[in-house]
Amino acid sequence: MAAKRIERTASVVMTAFSAAYLIGAYLMIPVPMIKQQIGPSVFPKAVGFLMLLFSLCNLVIQFKGIAKEDEARAVIIGAEDKVETKADLKLMGVIIALMVVYALLFNTLGYALTTILVFLAGVLVLDRKHILRDVIIGLIASFGMYFIFTKLLKVTLPSGPLSLIGF
Amino acid sequence: MDIMHNLVTGFTVAGTPFNLLLAFIGVFLGTVIGVLPGIGPMTGVALLIPITFGMPPTSAIILMAGIYYGAMYGGSTTSILVNTPGESSSVVTCLDGHEMAKAGRAGPALAAAAIGSFIAGTFATIMLMAFGPVLAKVALRFGPPEFFALMVMGLTVVTSLAGRSMLKALFATLLGLAIAMIGIDLQSAVQRFTFGNPQLMDGIEFLVVAIGLFALTEVFINISEMKNAKEVSTEKIQGGLWLTKEDWKRFWPSCTRGTLSGFFVGGVAGAGAAVASFVSYGIEKRFSKHKDQLGKGAIEGVTGPESANNAAAGGSLIYLLCLGIPGSGTTAIMLGALIMLGLQPGPLLFSTQPEFVWGLIASMYIGNVMLLVLNLPLVGMWVKLLKVPEYLLTLFIILFSFLGVYTMNNSIQDLMLMVLFGVIGYGMKRADIPASPVILGMVLGKQMEEKFRQSMVISDGSLSIFFTRPIAVVLLTLAFISITNPYWKPFGAWLKGLFAKPSPEAA
């Protein structure tokens, strides 16, 4: 029962997070110099308490196995579909790593260069059947977006080493 | 006439070439987003917000409203032709729309959806024009306790309609509030949950969370599902696009019912477009003259829900503009964007920024006409969009996410946080915790706390202020009803069981 395990894990994580937040609200928010009717820690404490209350209820329901699901209602309110496919953790890890690299190189290599590199790496990881077409798409997208944003919309993007050749 | 004068103002604002172009770009991009199955309206609006940086607020909202509207339209096209709804509000349209397409009547189905949407959208705009200023005037008399109660109600209504489990939805809303608390508290200058990180002192930008939770989560889901993706088969459009005389006869009643019920659901009850479309389908099933054909390709099953979801979308804009309360996830993102642009939606907007409000209203008329023109003749082009390979789409979502979040503050830390929220969002999706309440909580959190504190100052620290002012009481009662109503039936049964004598049969 993978679904059940996910539900239970989630309920534990939710409870732990709520508890941590509540403790943080008590310990980490200093008392201000000026006395106020409602200090800065009151609202976070209230939020923390309610969050803990609801996640504890959820925890009990999940572990007692009395969680009910009203599919008819879910359809009516347009609830999003559940994700049932097994996560491809390896591929996800690669993509997350790619994102982190993207963020880290953003300033050093500049927008256009980092983007084309990440795009091509992404193509290699996901589907390498149409390399030539995708290289062209990547070049147009990265340099095109750089020009649209910096020249037309006047948004600053890092230019990186390309600034040496007048970018 | 006041309204006429205002409308003229509005059309002067919306009619400038730049704003007309933006309205066009908005509805165009919106339709693209609506058609592409991986990207819903929320992801779309969040991803495209960065384009509006540097624009005047009026132009920005014209663009965003166009995207919002366009996404509603686009979603129906794929429902009818491919049987894959572009987003949740066009799920019902599949039932009869795709049946019609299979029977070779795709043209009339598309036309009915587009014309119905157009009529409903126009109706909602007229209502906004007529009742918006009135509602704003009433809300001007609200004090902090009323606003606090209003926000509580806004949150609970959306929460009660998000996802399968009320507990999880409540948790998500509170999580949003919790994130909103991060940063320096403006009233006491005390740092909260910043962990000494200077960049966290301003709090976490809502766009970082929104793009992480929606766009990047979408990326993770796409790459997990890529391997078992199936070929889509598209129904051809045969014959004429236009409705026959018989179609028209059946079109009007269902369009009227859909528009009115949709507007009621979205504009009065505060629920979203998806609910509106289902309510409308239910109404058709009961009152339509051809109810026996519903589900087998009846035009009423397309017209009703499609009118309803557009009327509801327009209706929820009334809430957003007059009260500053978003009625849905997408409007929550729009609210966040407006706040970023330095505008505070709420009752004051009508009197302080008339050119903004009326410019938006005028652009909604214009946008609706554009959509009608854009959608019917170009339908073949939209369907081709479905042929874009999924991995390229996924990569482009990544590129746009990074571009958007970076241009906000030029901060690498924001990018990292976004990736983190993407991972969290994927976890939430797996655990079936809805993400849109998080955004809503985040957007309203700071204000809610402020109004709460102001109320407490007024009442000298007594909570009774929320129970002695009539408007606040009504709003809080509605809030209570909206989150507790699923439990009434079981609770009633339990009570009954408690008092009932044990019957011999039961024993």
# chains A, B, ... in the order shown; residues from 1 in each chain; ligands from 1
>>> select_by_dssp(residues="chain A", states="alpha helix (DSSP H)", output="count of residues only")
109
>>> residues_around(residues="segment 60-72 of chain B", least_positions_apart="3", cutoff="9 Å", atoms="only C-alpha atoms", output="PyMOL selection string")
chain B and resi 14+19-20+22-35+40-42+44-45+48-49+51-57+75-76+86-87+89-90+117+121+273+306+309-310+313-314+330-331+334+337-338+341+356+359-361+363-364+367-368+371
>>> residues_around(residues="Ile433 of chain B", least_positions_apart="6", cutoff="7 Å", atoms="only C-alpha atoms", output="mmCIF file with C-alpha atoms, in the first residue's frame")
data_model
loop_
_atom_site.group_PDB
_atom_site.id
_atom_site.type_symbol
_atom_site.label_atom_id
_atom_site.label_comp_id
_atom_site.auth_asym_id
_atom_site.auth_seq_id
_atom_site.Cartn_x
_atom_site.Cartn_y
_atom_site.Cartn_z
ATOM 1 C CA LYS B 168 -5.063 19.095 4.560
ATOM 2 C CA ALA B 169 -6.548 22.176 2.927
ATOM 3 C CA ALA B 172 -2.112 24.384 3.507
#
>>> closest_residue(among="B:Thr84, B:Ser188, B:Thr125, B:Ser280", to="Pro40 of chain A", atoms="only C-alpha atoms")
B:Ser188
>>> select_by_dssp(residues="segment 92-316 of chain B", states="strand (DSSP E or B)", output="ChimeraX atom specification")
/B:183-184,191-192
>>> residues_around(residues="Lys285 of chain B", least_positions_apart="5", cutoff="10 Å", atoms="only C-alpha atoms", output="MDAnalysis selection string")
chainID B and resid 279:280 290:295 300:301
>>> write_last_selection(atoms="C-alpha atoms", output="compact mmCIF listing (two decimals), in the first residue's frame")
# COMPACT_ATOMS: atom_id res chain seq x y z
CA VAL B 279 -23.20 23.37 -10.88
CA SER B 280 -24.26 24.43 -14.35
CA HIS B 290 -33.12 17.68 -23.90
CA LYS B 291 -31.77 16.26 -20.67
CA ASP B 292 -31.99 12.72 -22.00
CA GLN B 293 -29.29 13.59 -24.55
CA LEU B 294 -26.84 15.01 -22.01
CA GLY B 295 -23.65 13.01 -21.98
CA GLU B 300 -26.46 22.21 -23.69
CA GLY B 301 -23.68 20.28 -21.98
>>> decode(residues="segment 24-73 of chain A", atoms="C-alpha atoms", output="PDB file, in the first residue's frame")
ATOM      1  CA  GLY A  24       9.952  28.699  16.936  1.00  0.00           C
ATOM      2  CA  ALA A  25       7.124  31.157  17.541  1.00  0.00           C
ATOM      3  CA  TYR A  26       7.720  30.818  21.272  1.00  0.00           C
ATOM      4  CA  LEU A  27      11.507  30.791  21.342  1.00  0.00           C
ATOM      5  CA  MET A  28      12.755  32.694  18.332  1.00  0.00           C
ATOM      6  CA  ILE A  29      10.691  35.866  18.293  1.00  0.00           C
ATOM      7  CA  PRO A  30      12.216  38.458  20.612  1.00  0.00           C
ATOM      8  CA  VAL A  31      10.092  40.727  22.781  1.00  0.00           C
ATOM      9  CA  PRO A  32       9.998  44.205  21.202  1.00  0.00           C
ATOM     10  CA  MET A  33      11.281  47.267  23.004  1.00  0.00           C
ATOM     11  CA  ILE A  34       7.936  49.001  22.912  1.00  0.00           C
ATOM     12  CA  LYS A  35       5.034  47.302  24.623  1.00  0.00           C
ATOM     13  CA  GLN A  36       2.195  46.568  22.241  1.00  0.00           C
ATOM     14  CA  GLN A  37      -1.374  45.451  22.626  1.00  0.00           C
ATOM     15  CA  ILE A  38      -0.660  42.435  20.423  1.00  0.00           C
ATOM     16  CA  GLY A  39       3.029  41.652  20.119  1.00  0.00           C
ATOM     17  CA  PRO A  40       4.798  40.223  17.085  1.00  0.00           C
ATOM     18  CA  SER A  41       4.617  36.644  18.354  1.00  0.00           C
ATOM     19  CA  VAL A  42       0.865  36.384  18.953  1.00  0.00           C
ATOM     20  CA  PHE A  43      -0.236  35.758  15.389  1.00  0.00           C
ATOM     21  CA  PRO A  44       2.514  33.216  14.609  1.00  0.00           C
ATOM     22  CA  LYS A  45       1.637  31.360  17.803  1.00  0.00           C
ATOM     23  CA  ALA A  46      -2.024  31.228  16.837  1.00  0.00           C
ATOM     24  CA  VAL A  47      -1.138  30.000  13.355  1.00  0.00           C
ATOM     25  CA  GLY A  48       1.212  27.412  14.845  1.00  0.00           C
ATOM     26  CA  PHE A  49      -1.412  26.136  17.280  1.00  0.00           C
ATOM     27  CA  LEU A  50      -4.079  25.719  14.620  1.00  0.00           C
ATOM     28  CA  MET A  51      -1.620  24.104  12.245  1.00  0.00           C
ATOM     29  CA  LEU A  52      -0.575  21.624  14.918  1.00  0.00           C
ATOM     30  CA  LEU A  53      -4.201  20.921  15.802  1.00  0.00           C
ATOM     31  CA  PHE A  54      -5.212  20.145  12.223  1.00  0.00           C
ATOM     32  CA  SER A  55      -2.141  18.094  11.442  1.00  0.00           C
ATOM     33  CA  LEU A  56      -2.618  16.060  14.624  1.00  0.00           C
ATOM     34  CA  CYS A  57      -6.217  15.352  13.615  1.00  0.00           C
ATOM     35  CA  ASN A  58      -4.965  14.283  10.207  1.00  0.00           C
ATOM     36  CA  LEU A  59      -2.286  12.108  11.819  1.00  0.00           C
ATOM     37  CA  VAL A  60      -4.855  10.295  13.939  1.00  0.00           C
ATOM     38  CA  ILE A  61      -7.183   9.788  10.988  1.00  0.00           C
ATOM     39  CA  GLN A  62      -4.416   8.442   8.769  1.00  0.00           C
ATOM     40  CA  PHE A  63      -2.996   6.034  11.331  1.00  0.00           C
ATOM     41  CA  LYS A  64      -6.363   4.781  12.486  1.00  0.00           C
ATOM     42  CA  GLY A  65      -7.185   4.217   8.846  1.00  0.00           C
ATOM     43  CA  ILE A  66     -10.507   6.040   9.033  1.00  0.00           C
ATOM     44  CA  ALA A  67      -9.694   8.540   6.298  1.00  0.00           C
ATOM     45  CA  LYS A  68     -12.633   8.823   3.959  1.00  0.00           C
ATOM     46  CA  GLU A  69     -12.465  10.136   0.469  1.00  0.00           C
ATOM     47  CA  ASP A  70     -15.453  11.524  -1.277  1.00  0.00           C
ATOM     48  CA  GLU A  71     -14.489  11.208  -4.931  1.00  0.00           C
ATOM     49  CA  ALA A  72     -17.788  12.672  -6.130  1.00  0.00           C
ATOM     50  CA  ARG A  73     -17.188  15.833  -4.156  1.00  0.00           C
TER      51      ARG A  73
END
